[in-house]
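For reference, my_file.cif (mmCIF, C-alpha atoms and all ligand atoms):
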data_structure
loop_
_atom_site.group_PDB
_atom_site.id
_atom_site.type_symbol
_atom_site.label_atom_id
_atom_site.label_comp_id
_atom_site.auth_asym_id
_atom_site.auth_seq_id
_atom_site.Cartn_x
_atom_site.Cartn_y
_atom_site.Cartn_z
ATOM 1 C CA MET F 18 -25.843 -14.908 -6.437
ATOM 2 C CA ARG F 19 -24.627 -17.329 -3.789
ATOM 3 C CA TYR F 20 -21.463 -17.993 -5.771
ATOM 4 C CA GLN F 21 -20.815 -14.320 -6.215
ATOM 5 C CA ILE F 22 -21.071 -13.690 -2.503
ATOM 6 C CA GLU F 23 -18.839 -16.656 -1.731
ATOM 7 C CA SER F 24 -16.319 -15.387 -4.250
ATOM 8 C CA VAL F 25 -16.332 -11.950 -2.697
ATOM 9 C CA VAL F 26 -15.927 -13.404 0.808
ATOM 10 C CA ASP F 27 -13.062 -15.660 -0.360
ATOM 11 C CA GLU F 28 -11.334 -12.749 -1.987
ATOM 12 C CA LEU F 29 -11.767 -10.554 1.075
ATOM 13 C CA GLU F 30 -10.222 -13.271 3.231
ATOM 14 C CA ARG F 31 -7.326 -13.600 0.833
ATOM 15 C CA LEU F 32 -6.750 -9.844 0.867
ATOM 16 C CA ARG F 33 -6.820 -9.755 4.654
ATOM 17 C CA LYS F 34 -4.222 -12.539 4.838
ATOM 18 C CA GLU F 35 -2.144 -10.564 2.371
ATOM 19 C CA GLY F 36 -2.072 -7.654 4.778
ATOM 20 C CA GLN F 37 -4.533 -5.381 3.014
ATOM 21 C CA ASP F 38 -6.286 -3.324 5.615
ATOM 22 C CA ARG F 39 -9.313 -1.772 3.905
ATOM 23 C CA ILE F 40 -11.464 -1.864 0.809
ATOM 24 C CA TYR F 41 -14.181 0.437 -0.352
ATOM 25 C CA VAL F 42 -17.766 -0.758 -0.686
ATOM 26 C CA SER F 43 -20.324 1.790 -1.805
ATOM 27 C CA GLU F 44 -23.659 2.313 -0.089
ATOM 28 C CA GLU F 45 -25.324 0.834 -3.127
ATOM 29 C CA SER F 46 -23.226 -2.334 -2.981
ATOM 30 C CA LEU F 47 -23.860 -2.696 0.719
ATOM 31 C CA ARG F 48 -27.560 -2.487 0.059
ATOM 32 C CA ASP F 49 -27.258 -5.089 -2.710
ATOM 33 C CA LEU F 50 -25.251 -7.356 -0.432
ATOM 34 C CA LYS F 51 -27.816 -7.151 2.336
ATOM 35 C CA LEU F 52 -30.573 -7.882 -0.132
ATOM 36 C CA ALA F 53 -28.704 -10.780 -1.649
ATOM 37 C CA VAL F 54 -27.877 -12.347 1.692
ATOM 38 C CA GLY F 55 -31.484 -11.990 2.748
ATOM 39 C CA LYS F 56 -32.850 -13.817 -0.228
ATOM 40 C CA ILE F 57 -30.481 -16.269 -1.751
ATOM 41 C CA ILE F 58 -33.104 -18.228 -3.575
ATOM 42 C CA ALA F 59 -31.960 -19.141 -6.986
ATOM 43 C CA GLU F 60 -28.686 -20.742 -7.841
ATOM 44 C CA ASP F 61 -26.895 -18.885 -10.581
ATOM 45 C CA SER F 62 -25.978 -20.743 -13.694
ATOM 46 C CA GLU F 63 -22.493 -22.241 -14.001
ATOM 47 C CA LYS F 64 -21.789 -19.818 -16.799
ATOM 48 C CA GLU F 65 -22.560 -16.771 -14.731
ATOM 49 C CA MET F 66 -20.473 -18.086 -11.878
ATOM 50 C CA GLU F 67 -17.500 -18.544 -14.191
ATOM 51 C CA SER F 68 -17.721 -15.014 -15.510
ATOM 52 C CA VAL F 69 -17.833 -13.563 -12.011
ATOM 53 C CA VAL F 70 -15.011 -15.675 -10.635
ATOM 54 C CA ALA F 71 -12.926 -14.853 -13.712
ATOM 55 C CA LEU F 72 -13.357 -11.197 -12.969
ATOM 56 C CA ILE F 73 -12.041 -11.388 -9.444
ATOM 57 C CA PRO F 74 -8.449 -12.616 -9.114
ATOM 58 C CA ASP F 75 -5.818 -10.280 -10.596
ATOM 59 C CA ARG F 76 -7.979 -7.256 -11.020
ATOM 60 C CA ILE F 77 -9.045 -6.946 -7.433
ATOM 61 C CA ARG F 78 -5.712 -5.482 -6.262
ATOM 62 C CA SER F 79 -6.435 -2.519 -8.454
ATOM 63 C CA ALA F 80 -10.174 -2.616 -8.143
ATOM 64 C CA THR F 81 -12.099 0.612 -8.044
ATOM 65 C CA ALA F 82 -15.365 1.140 -6.240
ATOM 66 C CA GLU F 83 -17.031 0.479 -9.565
ATOM 67 C CA ASP F 84 -15.231 -2.842 -9.997
ATOM 68 C CA PHE F 85 -16.461 -3.973 -6.595
ATOM 69 C CA ASP F 86 -19.967 -2.937 -7.472
ATOM 70 C CA ARG F 87 -19.801 -4.923 -10.690
ATOM 71 C CA VAL F 88 -18.449 -8.011 -8.928
ATOM 72 C CA LEU F 89 -21.209 -7.827 -6.354
ATOM 73 C CA LYS F 90 -23.827 -7.424 -9.057
ATOM 74 C CA GLY F 91 -22.345 -10.200 -11.184
ATOM 75 C CA GLU F 92 -21.975 -7.929 -14.161
ATOM 76 C CA PRO F 93 -19.329 -8.833 -16.724
ATOM 77 C CA LYS F 94 -16.048 -6.955 -16.837
ATOM 78 C CA LYS F 95 -16.198 -3.732 -18.819
ATOM 79 C CA ALA F 96 -13.518 -3.660 -21.494
ATOM 80 C CA SER F 97 -12.919 0.044 -20.994
ATOM 81 C CA LYS F 98 -12.161 -0.176 -17.256
ATOM 82 C CA THR F 99 -9.016 -2.240 -17.106
ATOM 83 C CA SER F 100 -6.056 -0.995 -15.127
ATOM 84 C CA GLY F 101 -4.376 -0.402 -18.496
ATOM 85 C CA ASP F 102 -7.014 2.139 -19.350
ATOM 86 C CA ARG F 103 -6.642 3.818 -16.015
ATOM 87 C CA LYS F 104 -2.921 3.933 -16.708
ATOM 88 C CA ALA F 105 -3.643 5.524 -20.065
ATOM 89 C CA THR F 106 -5.594 8.260 -18.277
ATOM 90 C CA LEU F 107 -2.643 8.938 -15.993
ATOM 91 C CA GLY F 108 -0.156 8.655 -18.813
ATOM 92 C CA ILE F 109 3.438 7.592 -18.557
ATOM 93 C CA PRO F 110 5.476 8.934 -15.647
ATOM 94 C CA LEU F 111 6.682 12.449 -16.327
ATOM 95 C CA ALA F 112 10.365 12.846 -17.111
ATOM 96 C CA PHE F 113 12.334 14.980 -14.704
ATOM 97 C CA GLU F 114 15.937 15.864 -14.038
ATOM 98 C CA LEU F 115 17.565 16.575 -10.717
ATOM 99 C CA PRO F 116 20.320 19.156 -10.337
ATOM 100 C CA GLU F 117 23.898 18.188 -9.558
ATOM 101 C CA GLY F 118 24.796 18.743 -5.949
ATOM 102 C CA ASN F 119 24.516 17.298 -2.489
ATOM 103 C CA LYS F 120 21.644 15.170 -1.165
ATOM 104 C CA GLN F 121 19.760 18.100 0.294
ATOM 105 C CA LYS F 122 19.860 20.082 -2.942
ATOM 106 C CA ARG F 123 18.689 17.109 -4.988
ATOM 107 C CA TRP F 124 15.986 16.156 -2.475
ATOM 108 C CA ASP F 125 14.684 19.752 -2.296
ATOM 109 C CA ALA F 126 14.474 19.827 -6.096
ATOM 110 C CA LEU F 127 12.704 16.474 -6.223
ATOM 111 C CA ARG F 128 10.202 17.554 -3.582
ATOM 112 C CA GLU F 129 9.401 20.686 -5.595
ATOM 113 C CA ILE F 130 8.955 18.578 -8.730
ATOM 114 C CA VAL F 131 6.562 16.179 -6.991
ATOM 115 C CA LEU F 132 4.561 18.878 -5.238
ATOM 116 C CA ASN F 133 4.161 20.667 -8.565
ATOM 117 C CA CYS F 134 3.529 17.536 -10.640
ATOM 118 C CA PRO F 135 0.380 18.352 -12.669
ATOM 119 C CA LYS F 136 -0.888 14.761 -12.722
ATOM 120 C CA CYS F 137 -0.389 14.347 -8.984
ATOM 121 C CA ASN F 138 -2.252 17.586 -8.384
ATOM 122 C CA GLU F 139 -5.061 16.578 -10.732
ATOM 123 C CA ASN F 140 -5.490 13.328 -8.839
ATOM 124 C CA LYS F 141 -5.345 14.580 -5.281
ATOM 125 C CA ARG F 142 -8.484 15.636 -3.505
ATOM 126 C CA GLU F 143 -9.200 19.322 -3.805
ATOM 127 C CA GLY F 144 -8.196 21.253 -0.737
ATOM 128 C CA TYR F 145 -5.874 18.496 0.513
ATOM 129 C CA GLN F 146 -2.146 17.959 0.096
ATOM 130 C CA LEU F 147 0.221 15.781 -1.831
ATOM 131 C CA VAL F 148 2.478 13.765 0.424
ATOM 132 C CA PHE F 149 6.225 13.481 -0.099
ATOM 133 C CA GLY F 150 8.712 11.454 1.946
ATOM 134 C CA VAL F 151 10.252 12.713 5.193
ATOM 135 C CA GLY F 152 13.204 11.889 7.391
ATOM 136 C CA SER F 153 16.945 11.714 7.387
ATOM 137 C CA LEU F 154 18.642 11.878 3.999
ATOM 138 C CA ASP F 155 21.433 9.800 5.555
ATOM 139 C CA ALA F 156 19.091 7.140 6.910
ATOM 140 C CA ASP F 157 20.164 3.508 6.789
ATOM 141 C CA ILE F 158 16.529 2.417 6.782
ATOM 142 C CA PHE F 159 13.938 3.518 4.226
ATOM 143 C CA PHE F 160 10.414 2.590 5.297
ATOM 144 C CA CYS F 161 8.048 2.487 2.351
ATOM 145 C CA GLY F 162 4.281 2.484 2.815
ATOM 146 C CA GLU F 163 1.391 2.326 0.403
ATOM 147 C CA ALA F 164 -0.374 5.661 0.063
ATOM 148 C CA PRO F 165 -1.394 8.611 2.195
ATOM 149 C CA GLY F 166 -4.604 8.253 4.145
ATOM 150 C CA ALA F 167 -6.984 10.910 5.440
ATOM 151 C CA ASP F 168 -4.608 12.274 8.107
ATOM 152 C CA GLU F 169 -1.662 12.292 5.755
ATOM 153 C CA GLU F 170 -3.405 14.174 2.930
ATOM 154 C CA GLU F 171 -4.541 16.686 5.509
ATOM 155 C CA GLN F 172 -1.093 17.229 7.042
ATOM 156 C CA GLY F 173 1.011 16.592 3.929
ATOM 157 C CA GLU F 174 3.258 14.103 5.748
ATOM 158 C CA PRO F 175 3.442 10.304 5.521
ATOM 159 C CA PHE F 176 2.374 8.116 8.433
ATOM 160 C CA VAL F 177 0.978 10.694 10.820
ATOM 161 C CA GLY F 178 -2.323 8.932 11.602
ATOM 162 C CA LYS F 179 -2.928 5.840 13.737
ATOM 163 C CA ALA F 180 -0.774 3.621 11.524
ATOM 164 C CA GLY F 181 1.938 6.268 11.774
ATOM 165 C CA GLN F 182 1.774 6.194 15.555
ATOM 166 C CA LEU F 183 2.334 2.458 15.492
ATOM 167 C CA LEU F 184 5.157 2.856 12.974
ATOM 168 C CA ASP F 185 6.776 5.414 15.301
ATOM 169 C CA LYS F 186 6.448 2.903 18.135
ATOM 170 C CA MET F 187 8.058 0.199 16.010
ATOM 171 C CA ILE F 188 10.908 2.543 15.093
ATOM 172 C CA GLY F 189 11.279 3.513 18.772
ATOM 173 C CA ALA F 190 11.433 -0.139 19.793
ATOM 174 C CA MET F 191 14.328 -0.519 17.379
ATOM 175 C CA GLY F 192 16.149 2.146 19.399
ATOM 176 C CA LEU F 193 15.701 4.811 16.715
ATOM 177 C CA ALA F 194 13.757 8.040 16.352
ATOM 178 C CA ARG F 195 11.448 8.818 13.442
ATOM 179 C CA GLU F 196 13.876 11.534 12.348
ATOM 180 C CA GLU F 197 16.692 8.981 12.002
ATOM 181 C CA VAL F 198 14.967 6.913 9.326
ATOM 182 C CA TYR F 199 13.351 7.869 6.030
ATOM 183 C CA ILE F 200 9.635 7.333 5.503
ATOM 184 C CA GLY F 201 8.065 7.398 2.058
ATOM 185 C CA ASN F 202 5.135 5.965 0.187
ATOM 186 C CA ILE F 203 4.542 4.303 -3.143
ATOM 187 C CA MET F 204 1.931 6.982 -3.857
ATOM 188 C CA ASN F 205 2.122 10.737 -3.447
ATOM 189 C CA TRP F 206 -1.608 11.261 -3.303
ATOM 190 C CA ARG F 207 -4.417 9.503 -1.518
ATOM 191 C CA PRO F 208 -6.223 7.254 -4.017
ATOM 192 C CA GLN F 209 -9.589 8.880 -4.515
ATOM 193 C CA LEU F 210 -12.918 7.552 -3.402
ATOM 194 C CA PRO F 211 -16.233 9.302 -3.825
ATOM 195 C CA THR F 212 -16.319 9.896 -0.068
ATOM 196 C CA ARG F 213 -13.767 11.064 2.533
ATOM 197 C CA VAL F 214 -14.344 7.823 4.422
ATOM 198 C CA GLY F 215 -12.266 4.741 3.709
ATOM 199 C CA ASN F 216 -9.228 4.072 1.594
ATOM 200 C CA ARG F 217 -8.749 2.050 -1.527
ATOM 201 C CA PRO F 218 -5.522 0.471 -2.733
ATOM 202 C CA PRO F 219 -3.826 2.271 -5.618
ATOM 203 C CA THR F 220 -4.224 0.931 -9.139
ATOM 204 C CA ILE F 221 -1.261 -0.470 -11.031
ATOM 205 C CA GLY F 222 -1.361 2.617 -13.260
ATOM 206 C CA GLU F 223 -1.173 4.911 -10.247
ATOM 207 C CA ILE F 224 1.697 2.933 -8.757
ATOM 208 C CA GLU F 225 3.626 2.972 -12.013
ATOM 209 C CA PHE F 226 3.088 6.684 -12.383
ATOM 210 C CA CYS F 227 4.477 7.468 -8.915
ATOM 211 C CA LEU F 228 7.299 4.908 -8.865
ATOM 212 C CA PRO F 229 9.955 7.144 -10.488
ATOM 213 C CA TYR F 230 9.445 9.658 -7.670
ATOM 214 C CA LEU F 231 9.970 6.958 -5.066
ATOM 215 C CA ARG F 232 12.976 5.544 -6.937
ATOM 216 C CA ALA F 233 14.539 9.019 -7.003
ATOM 217 C CA GLN F 234 14.086 9.355 -3.228
ATOM 218 C CA ILE F 235 15.776 5.981 -2.738
ATOM 219 C CA GLU F 236 18.604 7.020 -5.045
ATOM 220 C CA ILE F 237 19.167 10.244 -3.099
ATOM 221 C CA VAL F 238 19.007 8.701 0.376
ATOM 222 C CA LYS F 239 20.927 5.559 -0.603
ATOM 223 C CA PRO F 240 19.696 3.613 2.421
ATOM 224 C CA LYS F 241 21.311 0.370 3.516
ATOM 225 C CA LEU F 242 17.925 -1.282 3.111
ATOM 226 C CA ILE F 243 14.250 -0.777 2.419
ATOM 227 C CA VAL F 244 11.406 -2.039 4.590
ATOM 228 C CA ALA F 245 8.274 -2.472 2.471
ATOM 229 C CA LEU F 246 5.209 -2.078 4.666
ATOM 230 C CA GLY F 247 2.414 -4.305 3.397
ATOM 231 C CA ALA F 248 1.628 -6.053 0.151
ATOM 232 C CA THR F 249 1.065 -2.953 -1.971
ATOM 233 C CA ALA F 250 4.441 -1.442 -1.097
ATOM 234 C CA ALA F 251 6.127 -4.796 -1.677
ATOM 235 C CA LYS F 252 4.379 -5.282 -5.019
ATOM 236 C CA GLY F 253 5.103 -1.720 -6.056
ATOM 237 C CA LEU F 254 8.823 -2.272 -5.462
ATOM 238 C CA LEU F 255 9.185 -5.929 -6.426
ATOM 239 C CA GLY F 256 6.702 -5.989 -9.296
ATOM 240 C CA SER F 257 2.971 -6.575 -9.351
ATOM 241 C CA LYS F 258 3.398 -10.212 -10.380
ATOM 242 C CA SER F 259 6.233 -11.011 -7.985
ATOM 243 C CA PHE F 260 3.956 -12.758 -5.475
ATOM 244 C CA ARG F 261 0.309 -13.443 -4.780
ATOM 245 C CA SER F 262 0.226 -13.349 -1.017
ATOM 246 C CA LEU F 263 2.471 -11.181 1.155
ATOM 247 C CA ARG F 264 3.325 -14.274 3.189
ATOM 248 C CA GLU F 265 5.316 -15.589 0.231
ATOM 249 C CA VAL F 266 7.899 -12.817 0.598
ATOM 250 C CA LYS F 267 7.406 -11.478 4.118
ATOM 251 C CA GLY F 268 10.530 -11.619 6.245
ATOM 252 C CA GLU F 269 12.746 -12.700 3.349
ATOM 253 C CA TRP F 270 15.469 -10.572 1.876
ATOM 254 C CA ARG F 271 14.818 -9.416 -1.691
ATOM 255 C CA GLU F 272 16.194 -6.481 -3.667
ATOM 256 C CA PHE F 273 14.905 -3.309 -5.195
ATOM 257 C CA GLU F 274 17.441 -2.291 -7.821
ATOM 258 C CA LYS F 275 20.335 -3.668 -5.757
ATOM 259 C CA THR F 276 19.101 -2.265 -2.429
ATOM 260 C CA PRO F 277 18.178 -5.061 0.012
ATOM 261 C CA LEU F 278 14.445 -5.064 0.725
ATOM 262 C CA LEU F 279 12.466 -6.788 3.422
ATOM 263 C CA ALA F 280 8.668 -6.840 3.317
ATOM 264 C CA THR F 281 6.646 -7.005 6.486
ATOM 265 C CA TYR F 282 3.093 -6.360 7.648
ATOM 266 C CA HIS F 283 1.645 -2.898 7.256
ATOM 267 C CA PRO F 284 1.066 -1.170 10.638
ATOM 268 C CA SER F 285 -2.633 -0.720 9.731
ATOM 269 C CA TYR F 286 -2.933 -4.461 9.360
ATOM 270 C CA LEU F 287 -1.331 -4.977 12.764
ATOM 271 C CA LEU F 288 -3.708 -2.432 14.272
ATOM 272 C CA ARG F 289 -6.784 -4.144 12.888
ATOM 273 C CA ASN F 290 -5.647 -7.686 13.418
ATOM 274 C CA ASP F 291 -5.452 -8.969 16.930
ATOM 275 C CA SER F 292 -3.039 -11.796 16.167
ATOM 276 C CA LYS F 293 -0.141 -11.901 18.623
ATOM 277 C CA ARG F 294 1.643 -14.204 16.224
ATOM 278 C CA ASP F 295 1.547 -11.641 13.401
ATOM 279 C CA LYS F 296 2.704 -8.891 15.740
ATOM 280 C CA ARG F 297 5.618 -10.974 16.977
ATOM 281 C CA SER F 298 6.403 -11.968 13.404
ATOM 282 C CA ALA F 299 6.507 -8.318 12.305
ATOM 283 C CA TRP F 300 8.844 -7.567 15.190
ATOM 284 C CA GLU F 301 11.085 -10.473 14.178
ATOM 285 C CA ASP F 302 11.293 -8.903 10.714
ATOM 286 C CA LEU F 303 12.451 -5.679 12.325
ATOM 287 C CA LEU F 304 15.071 -7.597 14.324
ATOM 288 C CA LYS F 305 16.391 -8.872 10.976
ATOM 289 C CA VAL F 306 16.517 -5.285 9.771
ATOM 290 C CA MET F 307 18.428 -4.205 12.893
ATOM 291 C CA GLU F 308 20.893 -7.060 12.457
ATOM 292 C CA ARG F 309 21.509 -6.184 8.830
ATOM 293 C CA CYS F 310 22.086 -2.539 9.752
ATOM 294 C CA GLY F 311 24.472 -3.483 12.545
ATOM 295 C CA LEU F 312 22.266 -1.936 15.225
ATOM 296 C CA PRO F 313 22.806 -3.244 18.768
ATOM 297 C CA ILE F 314 20.064 -5.599 19.968
ATOM 298 C CA SER F 315 19.470 -6.074 23.691
ATOM 299 C CA ASP F 316 17.924 -9.179 25.295
ATOM 300 C CA ARG F 317 14.922 -7.029 26.085
ATOM 301 C CA GLN F 318 14.524 -6.147 22.428
ATOM 302 C CA ARG F 319 14.866 -9.803 21.433
ATOM 303 C CA GLY F 320 11.996 -10.713 23.704
ATOM 304 C CA TYR F 321 9.835 -7.748 22.702
ATOM 305 C CA PHE F 322 6.314 -7.906 21.342
ATOM 306 C CA LEU F 323 4.739 -5.108 19.312
HETATM 307 N N1 LIG E 401 -0.534 4.172 5.281
HETATM 308 C C1 LIG E 401 0.447 4.250 4.353
HETATM 309 O O1 LIG E 401 0.729 3.280 3.668
HETATM 310 N N2 LIG E 401 1.071 5.396 4.227
HETATM 311 C C2 LIG E 401 0.812 6.457 4.965
HETATM 312 O O2 LIG E 401 1.463 7.476 4.788
HETATM 313 C C3 LIG E 401 -0.200 6.343 5.924
HETATM 314 C C4 LIG E 401 -0.865 5.194 6.071
#
Any chance you could put this one into structure tokens?
Amino acid sequence: MRYQIESVVDELERLRKEGQDRIYVSEESLRDLKLAVGKIIAEDSEKEMESVVALIPDRIRSATAEDFDRVLKGEPKKASKTSGDRKATLGIPLAFELPEGNKQKRWDALREIVLNCPKCNENKREGYQLVFGVGSLDADIFFCGEAPGADEEEQGEPFVGKAGQLLDKMIGAMGLAREEVYIGNIMNWRPQLPTRVGNRPPTIGEIEFCLPYLRAQIEIVKPKLIVALGATAAKGLLGSKSFRSLREVKGEWREFEKTPLLATYHPSYLLRNDSKRDKRSAWEDLLKVMERCGLPISDRQRGYFL
């Protein structure tokens, strides 16, 4: 049991460094954790430890509440619950065609397609909304987040909660207004949890299902560059195996299908993490974005801290 808890703690630390802001732990798991911490008496066998540690690494990005429960309980991986199976439930992305015409006509059509997508509607929480991108169709900068949260699924707009307020502040510090950039997400629905509290990262299957909708938005807007907010957005656009820790790619220019892409910290991570260094580092990433877009940068902006 001790090894399992250490493994979970290690993984949580790794995820936090990667910029992931929240994970879901069920009431039952919390209870188990408390119990386990209270009475770590017997060392688990080497064999058990190996099976638990083997379960953790790659799967955890797409872990469901059930996966976390299993890890905490030290149960072996269930063959039927791999991300591949979840993908099979979602199916392959649905084919769609956009009409000929100007950006607005194509974007309007795409929005209709997404908001009426049967799989998206099946997966969203009943009574709440799907979330499609917003902003200028002539934007130079395309901010891409992970997935809608509670506020977003309520209002049907990306980044309108606390993280959105910080994103607006970041955009304002760049000398721009929210309406002058484009803001989208990897996901069009909020990944479901059994409760309304807490978020979980999307599974690989969910990301792959939604990616064509995001790609189409990028193709319509044709931004000068994309800013990927956080590890999930960066992995969704660069590939799930393109890096292990966000720090490996953060602040470095990459490409998404020929559009320059820069990954930086997710605003939620900056809100939860009190590190001045990370905040300054995120701002330095945005200075790189401004430079690449040819935006004027004042001395005050150069010295700014988020
Ligand atoms: N976090 C995201 O990644 N996207 C949102 O729209 C809101 C919070």
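Of the listed residues (F:Arg294, F:Lys179, F:Lys122, F:Lys305), F:Lys305 comes nearest to F:Gly268; the distances count only C-alpha atoms.
Checking F:Leu228, F:Ala156, F:Val148, F:Met307 one by one against ligand LIG 401 (chain E), counting only C-alpha atoms and all ligand atoms, you find the shortest gap at F:Val148.
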Would you mind listing, for every residue of chain F within 7 Å of ligand LIG 401 (chain E), the two atoms forming the shortest contact and the distance between them in Å to one decimal, using only C-alpha atoms and all ligand atoms, sorted by chain and ascending residue number, as a Markdown table?
| residue | atom | partner | partner_atom | distance |
| --- | --- | --- | --- | --- |
| F:Gly162 | CA | E:LIG401 | O1 | 3.7 |
| F:Glu163 | CA | E:LIG401 | O1 | 3.5 |
| F:Ala164 | CA | E:LIG401 | N2 | 4.4 |
| F:Pro165 | CA | E:LIG401 | O2 | 4.0 |
| F:Gly166 | CA | E:LIG401 | C3 | 5.1 |
| F:Glu169 | CA | E:LIG401 | O2 | 5.8 |
| F:Glu174 | CA | E:LIG401 | O2 | 6.9 |
| F:Pro175 | CA | E:LIG401 | O2 | 3.5 |
| F:Phe176 | CA | E:LIG401 | O2 | 3.8 |
| F:Val177 | CA | E:LIG401 | C3 | 6.7 |
| F:Gly178 | CA | E:LIG401 | C3 | 6.6 |
| F:Ala180 | CA | E:LIG401 | C4 | 5.7 |
| F:Gly181 | CA | E:LIG401 | C3 | 6.2 |
| F:Asn202 | CA | E:LIG401 | N2 | 5.8 |
| F:Ser285 | CA | E:LIG401 | N1 | 6.9 |
Which protein, DNA or RNA residues have an atom at most 8 Å from (19.2, 6.7, -0.8), counting all atoms listed in the file? List them as number ranges by chain. F: 154-156, 159, 234-241
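Rounded to one decimal, atom CA of F:Gln146 and atom CA of F:Arg213 lie 13.7 Å from each other.
When the PyMOL selection byres (((chain F and resi 302) around 9) and not hetatm) is run on the displayed coordinates, the residues it returns are Lys267, Gly268, Glu269, Leu279, Ala280, Thr281, Arg297, Ser298, Ala299, Trp300, Glu301, Leu303, Leu304, Lys305, Val306 and Met307 of chain F.
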Taking every listed atom of stretch 150-155 of chain F and adding 4 Å to each side, what centre and edge lengths in Å (one decimal) does the axis-aligned box have, as AutoDock Vina command-line options?
--center_x 15.1 --center_y 11.3 --center_z 4.7 --size_x 20.7 --size_y 10.9 --size_z 13.4
Near stretch 125-133 of chain F, 9 Å: stretch 201-303 of chain F residue rows, closest pairs, all atoms listed in the file, as CSV:
residue,atom,partner,partner_atom,distance
F:Asn205,CA,F:Val131,CA,7.9
F:Tyr230,CA,F:Val131,CA,7.2
F:Ala233,CA,F:Leu127,CA,7.7
F:Gln234,CA,F:Leu127,CA,7.8
Applying the PyMOL selection byres (((chain F and resi 257) around 12) and not hetatm) to the file I just gave you, which residues come out? Please list them as a VMD selection string. chain F and resid 75 to 76 78 to 79 219 to 222 224 to 225 248 to 256 258 to 263
For the atom pair atom CA of F:Arg207 and atom CA of F:Asn290, what is the interatomic distance in Å to one decimal place? 22.8 Å
Exercise: F:Leu323 partners within 9 Å, all atoms listed in the file, chain neighbours under 4 positions left out, as a ChimeraX atom specification: /F:183,186-187,190,287,293,296-297,299-300
Just want the 8 Å neighbourhood of F:Ser153, counted on only C-alpha atoms, with same-chain residues fewer than 4 positions away dropped. Output as number ranges by chain. F: 196-199, 238
For those residues, write C-alpha atoms to a file as an mmCIF file, in the frame of the given file.
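The new file result_24.cif reads:
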data_model
loop_
_atom_site.group_PDB
_atom_site.id
_atom_site.type_symbol
_atom_site.label_atom_id
_atom_site.label_comp_id
_atom_site.auth_asym_id
_atom_site.auth_seq_id
_atom_site.Cartn_x
_atom_site.Cartn_y
_atom_site.Cartn_z
ATOM 1 C CA GLU F 196 13.876 11.534 12.348
ATOM 2 C CA GLU F 197 16.692 8.981 12.002
ATOM 3 C CA VAL F 198 14.967 6.913 9.326
ATOM 4 C CA TYR F 199 13.351 7.869 6.030
ATOM 5 C CA VAL F 238 19.007 8.701 0.376
#
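Between atom CA of F:Pro110 and atom CA of F:Gly215 the separation is 26.6 Å.
Checking F:Gly192, F:Gly247, F:Gly150, F:Gly173 one by one against F:Pro284, counting only C-alpha atoms, you find the shortest gap at F:Gly247.
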Do you know which residues are at most 8 Å from F:Ile243 counting all atoms listed in the file, after dropping those on the same chain fewer than 5 positions away, and could you put them as a PyMOL selection string? chain F and resi 158-161+276-279
